[in-house]
>>> print(open('my_file_33.csv').read())   # CSV, C-alpha atoms
chain,number,residue,atom,x,y,z
A,2,MET,CA,0.0,0.0,0.0
A,3,THR,CA,1.5,3.3,-1.1
A,4,SER,CA,1.8,6.4,1.0
A,5,PRO,CA,-0.7,8.5,-1.0
A,6,GLU,CA,-3.3,5.7,-0.5
A,7,MET,CA,-2.7,5.7,3.2
A,8,ALA,CA,-2.7,9.5,3.3
A,9,THR,CA,-6.2,9.6,1.7
A,10,LEU,CA,-7.6,7.1,4.3
A,11,LEU,CA,-6.0,9.1,7.2
A,12,GLY,CA,-7.4,12.3,5.7
A,13,LEU,CA,-10.9,10.9,5.6
A,14,VAL,CA,-10.6,9.7,9.2
A,15,LEU,CA,-9.1,13.1,10.4
A,16,GLY,CA,-11.9,14.9,8.5
A,17,HIS,CA,-14.5,12.8,10.4
A,18,MET,CA,-12.8,13.5,13.7
A,19,SER,CA,-12.6,17.2,13.0
A,20,GLY,CA,-16.3,17.4,12.0
A,21,ASP,CA,-17.5,15.3,14.9
A,22,PHE,CA,-15.3,16.6,17.8
A,23,LEU,CA,-13.7,19.9,16.8
A,24,LEU,CA,-16.2,21.7,14.5
A,25,GLN,CA,-19.5,20.5,16.1
A,26,PRO,CA,-20.8,23.0,18.7
A,27,ARG,CA,-22.5,21.6,21.8
A,28,ARG,CA,-25.7,23.3,20.8
A,29,TRP,CA,-25.8,21.1,17.7
A,30,VAL,CA,-25.5,18.0,19.8
A,31,ASP,CA,-28.3,19.1,22.1
A,32,SER,CA,-30.5,20.1,19.2
A,33,LYS,CA,-30.1,16.7,17.5
A,34,GLN,CA,-30.9,14.9,20.7
A,35,ARG,CA,-33.9,17.1,21.4
A,36,HIS,CA,-35.5,17.6,18.0
A,37,LYS,CA,-34.2,14.6,16.1
A,38,ARG,CA,-35.1,14.7,12.4
A,39,LEU,CA,-36.6,18.2,12.8
A,40,SER,CA,-33.3,19.6,14.0
A,41,PRO,CA,-31.6,21.9,11.5
A,42,ALA,CA,-28.3,21.0,13.2
A,43,LEU,CA,-28.6,17.4,12.0
A,44,TYR,CA,-28.4,18.5,8.4
A,45,TRP,CA,-25.8,21.2,8.9
A,46,HIS,CA,-23.6,18.7,10.6
A,47,ALA,CA,-24.1,16.2,7.8
A,48,CYS,CA,-23.3,18.8,5.2
A,49,LEU,CA,-20.1,19.7,7.1
A,50,HIS,CA,-19.0,16.1,6.9
A,51,GLY,CA,-19.8,16.0,3.2
A,52,LEU,CA,-17.7,19.1,2.6
A,53,LEU,CA,-14.8,17.7,4.6
A,54,THR,CA,-14.9,14.5,2.6
A,55,ALA,CA,-15.0,16.5,-0.7
A,56,LEU,CA,-12.0,18.5,0.4
A,57,VAL,CA,-10.0,15.3,1.2
A,58,LEU,CA,-11.0,13.6,-2.1
A,59,THR,CA,-10.1,16.8,-4.1
A,60,LEU,CA,-6.7,17.0,-2.5
A,61,ALA,CA,-6.2,13.3,-3.4
A,62,GLY,CA,-6.7,14.2,-7.0
A,63,SER,CA,-10.1,12.4,-7.4
A,64,GLY,CA,-12.4,13.0,-10.4
A,65,PRO,CA,-15.7,14.9,-10.1
A,66,GLY,CA,-17.7,11.7,-10.1
A,67,ILE,CA,-16.0,10.1,-7.1
A,68,ILE,CA,-16.0,13.5,-5.2
A,69,LEU,CA,-19.7,14.0,-5.7
A,70,ALA,CA,-20.6,10.4,-4.9
A,71,GLY,CA,-18.3,10.4,-1.8
A,72,THR,CA,-19.8,13.7,-0.6
A,73,LEU,CA,-23.4,12.4,-0.9
A,74,LEU,CA,-22.5,9.1,0.6
A,75,VAL,CA,-20.9,10.5,3.7
A,76,ALA,CA,-23.4,13.3,4.2
A,77,THR,CA,-26.4,11.0,3.9
A,78,SER,CA,-25.0,8.2,5.9
A,79,HIS,CA,-23.9,10.6,8.7
A,80,ALA,CA,-27.3,12.1,9.0
A,81,LEU,CA,-29.0,8.7,9.1
A,82,ILE,CA,-26.5,7.3,11.7
A,83,ASP,CA,-26.8,10.4,13.9
A,84,LEU,CA,-30.5,10.3,13.6
A,85,GLY,CA,-30.5,6.7,14.8
A,86,LYS,CA,-28.3,7.6,17.7
A,87,ALA,CA,-30.6,10.5,18.7
A,88,HIS,CA,-33.3,7.9,19.4
A,89,LEU,CA,-31.1,6.0,21.7
A,90,ASP,CA,-29.4,7.0,25.0
A,91,SER,CA,-26.5,8.9,23.6
A,92,ASN,CA,-24.9,9.0,27.1
A,93,ARG,CA,-24.2,5.3,27.0
A,94,LEU,CA,-20.7,4.3,25.9
A,95,ARG,CA,-22.0,1.4,23.7
A,96,TRP,CA,-24.0,3.7,21.5
A,97,PHE,CA,-21.2,6.2,21.1
A,98,LEU,CA,-18.8,3.4,20.1
A,99,LEU,CA,-21.4,1.9,17.7
A,100,ASP,CA,-22.0,5.4,16.2
A,101,GLN,CA,-18.3,5.9,15.6
A,102,LEU,CA,-17.8,2.4,14.2
A,103,LEU,CA,-20.6,2.9,11.6
A,104,HIS,CA,-19.1,6.2,10.5
A,105,LEU,CA,-15.7,4.7,10.1
A,106,LEU,CA,-17.0,1.7,8.2
A,107,VAL,CA,-18.7,4.1,5.7
A,108,LEU,CA,-15.3,5.9,5.3
A,109,LEU,CA,-13.5,2.6,4.8
A,110,GLY,CA,-16.0,1.6,2.1
A,111,LEU,CA,-15.6,4.9,0.4
A,112,TRP,CA,-11.8,4.5,0.5
A,113,LEU,CA,-11.9,1.0,-1.0
A,114,ALA,CA,-14.2,2.3,-3.8
A,115,TRP,CA,-11.7,5.2,-4.4
A,116,LEU,CA,-8.9,2.6,-4.6
A,117,GLY,CA,-11.0,0.4,-6.9
A,118,SER,CA,-9.6,-2.7,-5.1
A,119,LEU,CA,-10.3,-4.9,-2.1
A,120,GLN,CA,-6.6,-5.8,-1.8
A,121,PRO,CA,-6.2,-3.9,1.6
A,122,LEU,CA,-8.9,-6.1,3.1
A,123,PHE,CA,-7.2,-9.2,1.9
A,124,GLU,CA,-3.9,-8.0,3.4
A,125,VAL,CA,-5.6,-7.3,6.8
A,126,ALA,CA,-7.3,-10.7,6.7
A,127,ALA,CA,-4.0,-12.4,6.0
A,128,TRP,CA,-2.3,-10.6,8.9
A,129,ILE,CA,-5.2,-11.4,11.4
A,130,THR,CA,-5.0,-15.1,10.7
A,131,THR,CA,-1.3,-15.3,11.4
A,132,PRO,CA,-0.2,-17.2,14.6
A,133,ARG,CA,1.4,-14.0,16.0
A,134,ALA,CA,-1.8,-12.0,15.6
A,135,LEU,CA,-4.1,-14.8,17.0
A,136,THR,CA,-1.8,-15.3,20.0
A,137,LEU,CA,-1.7,-11.6,20.8
A,138,ALA,CA,-5.5,-11.4,20.4
A,139,GLY,CA,-6.0,-14.4,22.6
A,140,ALA,CA,-3.7,-13.0,25.3
A,141,TYR,CA,-5.6,-9.7,25.4
A,142,LEU,CA,-8.9,-11.4,25.5
A,143,LEU,CA,-7.7,-13.7,28.3
A,144,VAL,CA,-6.8,-10.7,30.6
A,145,THR,CA,-10.4,-9.3,30.4
A,146,ARG,CA,-13.4,-11.3,31.6
A,147,PRO,CA,-11.8,-14.8,31.8
A,148,MET,CA,-9.0,-13.7,34.2
A,149,ALA,CA,-11.4,-11.5,36.1
A,150,ILE,CA,-13.6,-14.6,36.7
A,151,ALA,CA,-10.7,-16.7,37.7
A,152,ILE,CA,-9.4,-14.1,40.1
A,153,ALA,CA,-12.8,-13.7,41.6
A,154,LEU,CA,-13.1,-17.4,42.2
A,155,ALA,CA,-9.6,-17.5,43.7
A,156,MET,CA,-10.5,-14.6,46.1
A,157,ARG,CA,-13.9,-16.0,47.0
A,158,PRO,CA,-12.7,-17.6,50.3
A,159,TRP,CA,-12.0,-14.1,51.6
A,160,SER,CA,-14.6,-12.0,49.7
A,161,ASP,CA,-17.4,-12.7,52.2
A,162,GLU,CA,-15.2,-11.4,55.1
A,163,VAL,CA,-14.7,-8.0,53.4
A,164,ASN,CA,-17.5,-5.5,53.7
A,165,ASP,CA,-16.8,-2.4,51.5
A,166,PRO,CA,-20.1,-0.7,50.6
A,167,GLY,CA,-18.4,2.5,49.6
A,168,THR,CA,-17.2,1.3,46.2
A,169,LEU,CA,-18.8,1.6,42.8
A,170,ALA,CA,-20.7,-1.4,41.5
A,171,ALA,CA,-18.4,-3.6,39.3
A,172,ALA,CA,-15.7,-0.9,39.4
A,173,GLY,CA,-13.1,-3.3,40.9
A,174,ALA,CA,-13.5,-5.7,37.9
A,175,ARG,CA,-13.1,-2.9,35.4
A,176,ILE,CA,-10.1,-1.5,37.1
A,177,GLY,CA,-8.6,-5.0,37.1
A,178,MET,CA,-9.2,-5.4,33.4
A,179,LEU,CA,-7.5,-2.1,32.6
A,180,GLU,CA,-4.7,-2.9,34.9
A,181,ARG,CA,-4.0,-6.3,33.3
A,182,PHE,CA,-4.3,-4.7,29.8
A,183,LEU,CA,-1.6,-2.2,30.7
A,184,VAL,CA,0.6,-4.8,32.4
A,185,LEU,CA,0.4,-7.2,29.4
A,186,THR,CA,1.2,-4.4,26.9
A,187,LEU,CA,4.2,-3.2,29.0
A,188,VAL,CA,5.5,-6.8,29.2
A,189,LEU,CA,5.2,-7.3,25.5
A,190,LEU,CA,7.0,-4.1,24.9
A,191,ASP,CA,9.8,-5.2,27.3
A,192,GLU,CA,9.0,-2.3,29.6
A,193,LEU,CA,9.1,-4.2,32.9
A,194,THR,CA,10.3,-1.1,34.8
A,195,ALA,CA,7.0,0.7,33.9
A,196,VAL,CA,5.1,-2.2,35.5
A,197,GLY,CA,6.7,-1.2,38.8
A,198,PHE,CA,5.6,2.4,38.3
A,199,LEU,CA,2.1,1.2,37.5
A,200,LEU,CA,2.0,-0.8,40.8
A,201,THR,CA,3.4,2.2,42.7
A,202,ALA,CA,0.8,4.6,41.3
A,203,LYS,CA,-2.1,2.2,42.2
A,204,SER,CA,-0.6,1.8,45.7
A,205,VAL,CA,-0.5,5.6,46.2
A,206,LEU,CA,-4.1,5.9,45.1
A,207,ARG,CA,-5.3,3.2,47.4
A,208,PHE,CA,-3.1,4.1,50.4
A,209,GLY,CA,-5.5,6.8,51.8
A,210,ASP,CA,-8.5,4.4,51.7
A,211,LEU,CA,-6.6,1.6,53.3
A,212,ARG,CA,-5.0,3.8,55.9
A,213,GLU,CA,-8.4,5.2,57.0
A,214,SER,CA,-9.9,1.7,57.0
A,215,SER,CA,-9.8,0.0,60.4
A,216,ASP,CA,-10.4,-3.3,58.7
A,217,ARG,CA,-7.1,-5.1,58.3
A,218,LYS,CA,-8.9,-7.8,56.2
A,219,LEU,CA,-9.7,-5.2,53.5
A,220,THR,CA,-6.1,-4.2,53.2
A,221,GLU,CA,-5.0,-7.8,52.9
A,222,TYR,CA,-7.8,-8.5,50.4
A,223,VAL,CA,-6.9,-5.6,48.1
A,224,LEU,CA,-3.2,-6.5,48.3
A,225,LEU,CA,-3.7,-10.1,47.6
A,226,GLY,CA,-6.1,-9.4,44.6
A,227,THR,CA,-3.6,-6.9,43.1
A,228,LEU,CA,-0.6,-9.2,43.4
A,229,LEU,CA,-2.6,-12.1,42.0
A,230,SER,CA,-3.8,-10.1,39.0
A,231,VAL,CA,-0.4,-8.6,38.2
A,232,SER,CA,1.4,-11.9,38.7
A,233,ALA,CA,-0.9,-13.8,36.4
A,234,THR,CA,-0.6,-11.2,33.7
A,235,LEU,CA,3.2,-11.0,34.0
A,236,ALA,CA,3.3,-14.8,33.6
A,237,LEU,CA,1.1,-14.6,30.5
A,238,GLY,CA,3.1,-11.8,28.9
A,239,LEU,CA,6.4,-13.6,29.5
A,240,LEU,CA,4.9,-16.8,28.0
A,241,VAL,CA,3.9,-14.9,24.9
A,242,ARG,CA,7.3,-13.3,24.6
A,243,SER,CA,9.0,-16.7,25.1
A,244,LEU,CA,7.1,-17.9,22.0
A,245,HIS,CA,8.8,-15.1,20.0
A,246,LEU,CA,5.4,-13.5,19.4
A,247,GLY,CA,5.8,-10.3,21.5
>>> encode(input="my_file_33.csv", output="C-alpha cells")
Amino acid sequence: MTSPEMATLLGLVLGHMSGDFLLQPRRWVDSKQRHKRLSPALYWHACLHGLLTALVLTLAGSGPGIILAGTLLVATSHALIDLGKAHLDSNRLRWFLLDQLLHLLVLLGLWLAWLGSLQPLFEVAAWITTPRALTLAGAYLLVTRPMAIAIALAMRPWSDEVNDPGTLAAAGARIGMLERFLVLTLVLLDELTAVGFLLTAKSVLRFGDLRESSDRKLTEYVLLGTLLSVSATLALGLLVRSLHLG
C-alpha cells in the first residue's frame, strides 16, 4: 500500500474526527438529541462532513464523479446514523462506540471504492490469521473477563469477610481489566520497569483508603487481589514473549 493511498484514508478519518469533535458545537448535539429529524443542526452537521470529505478527495486528485458520490454518501449516511443515535441513550458508551464504528465503516467503504480494489482487506485478513496476531488477540482477551472470573473465584474464600459498601458497582472488575491490559502491553513491549511504576501509582491511590480503614482484612484482600492479578498477567506476557510473538 502506497503512502498516497494511506494519506487519503487518514485524511478521511481526520476529517471525520474534526467534524464530529472539533467543529461541532455543543448546541448542535443538544439540538439533534432534542428535536431529532426536525433539528436543522442534524443537516448542517451532515453537510459539514460532506464538505470535509469533498476536500480530502479533491486533495487526493479524485475525479468529479467520485467526489460527488463520496460527498453524498458521507453526508447522507452521517445524517442517518446520527438520527438513529438520537433515538437512543447517547450518554451510553456502547451507542457512542457503535456510532463511531458505523461512520468509520462508511469511510472505509468509500476509501476502498476510491482505490478500486479490495486488496487492503485481503492484506488485513491475512495478517489477522497469522499465529502471532491470533496469539496476541488471545492474550488480550484472556486478561479481560476470563481472568477476572478466575481471580474472583480464587479470592472467594476471603470476599465474604470483606465489607466495603463505599465502592462503585463492578468498578473493581473494570479497574482490574484495565490494569491487566496495561501490564500485558508493557511486558510485551519489554518495559518491565514501567510495570513497577504502575503498581506504585495504584498503591498511592489506594493508600488513603486503606490507611483510613480500620479493617485489616480489607487491606490484605486488596493487596492479595492486586498481586494475583499482576502476577498472572506477568506470567502470561512472559509466556507470549517466550514464543517469540511479543
>>> residues_around(input="my_file_33.csv", residues="Lys37 of chain A", least_positions_apart="4", cutoff="12 Å", atoms="only C-alpha atoms", output="CSV table (one decimal) with C-alpha atoms, keeping the file's coordinate frame")
chain,number,residue,atom,x,y,z
A,29,TRP,CA,-25.8,21.1,17.7
A,30,VAL,CA,-25.5,18.0,19.8
A,31,ASP,CA,-28.3,19.1,22.1
A,32,SER,CA,-30.5,20.1,19.2
A,33,LYS,CA,-30.1,16.7,17.5
A,41,PRO,CA,-31.6,21.9,11.5
A,42,ALA,CA,-28.3,21.0,13.2
A,43,LEU,CA,-28.6,17.4,12.0
A,44,TYR,CA,-28.4,18.5,8.4
A,80,ALA,CA,-27.3,12.1,9.0
A,81,LEU,CA,-29.0,8.7,9.1
A,82,ILE,CA,-26.5,7.3,11.7
A,83,ASP,CA,-26.8,10.4,13.9
A,84,LEU,CA,-30.5,10.3,13.6
A,85,GLY,CA,-30.5,6.7,14.8
A,86,LYS,CA,-28.3,7.6,17.7
A,87,ALA,CA,-30.6,10.5,18.7
A,88,HIS,CA,-33.3,7.9,19.4
A,89,LEU,CA,-31.1,6.0,21.7
>>> closest_residue(input="my_file_33.csv", among="A:Pro5, A:Leu39, A:His50, A:Gly226", to="Gln25 of chain A", atoms="all atoms listed in the file")
A:His50
>>> residues_around(input="my_file_33.csv", residues="Ala138 of chain A", least_positions_apart="6", cutoff="12 Å", atoms="all atoms listed in the file", output="JSON list (two decimals) with C-alpha atoms, in the frame of the given file")
[["chain", "number", "residue", "atom", "x", "y", "z"],
["A", 128, "TRP", "CA", -2.30, -10.60, 8.90],
["A", 129, "ILE", "CA", -5.20, -11.40, 11.40],
["A", 130, "THR", "CA", -5.00, -15.10, 10.70],
["A", 131, "THR", "CA", -1.30, -15.30, 11.40],
["A", 132, "PRO", "CA", -0.20, -17.20, 14.60],
["A", 144, "VAL", "CA", -6.80, -10.70, 30.60],
["A", 145, "THR", "CA", -10.40, -9.30, 30.40],
["A", 182, "PHE", "CA", -4.30, -4.70, 29.80],
["A", 185, "LEU", "CA", 0.40, -7.20, 29.40],
["A", 186, "THR", "CA", 1.20, -4.40, 26.90],
["A", 241, "VAL", "CA", 3.90, -14.90, 24.90],
["A", 246, "LEU", "CA", 5.40, -13.50, 19.40],
["A", 247, "GLY", "CA", 5.80, -10.30, 21.50]]
>>> atom_distance(input="my_file_33.csv", atom1="atom CA of Phe198 of chain A", atom2="atom CA of Glu180 of chain A")
12.1 Å
>>> atom_distance(input="my_file_33.csv", atom1="atom CA of Pro65 of chain A", atom2="atom CA of Met18 of chain A")
24.0 Å
>>> atom_distance(input="my_file_33.csv", atom1="atom CA of Ser78 of chain A", atom2="atom CA of Leu103 of chain A")
8.9 Å
>>> residues_around(input="my_file_33.csv", residues="Leu10 of chain A", least_positions_apart="6", cutoff="9 Å", atoms="all atoms listed in the file", output="count of residues only")
3
>>> residues_near_point(input="my_file_33.csv", point="(-13.5, 9.1, -9.6)", cutoff="10 Å", atoms="only C-alpha atoms", output="PyMOL selection string")
chain A and resi 58+62-71+114-117
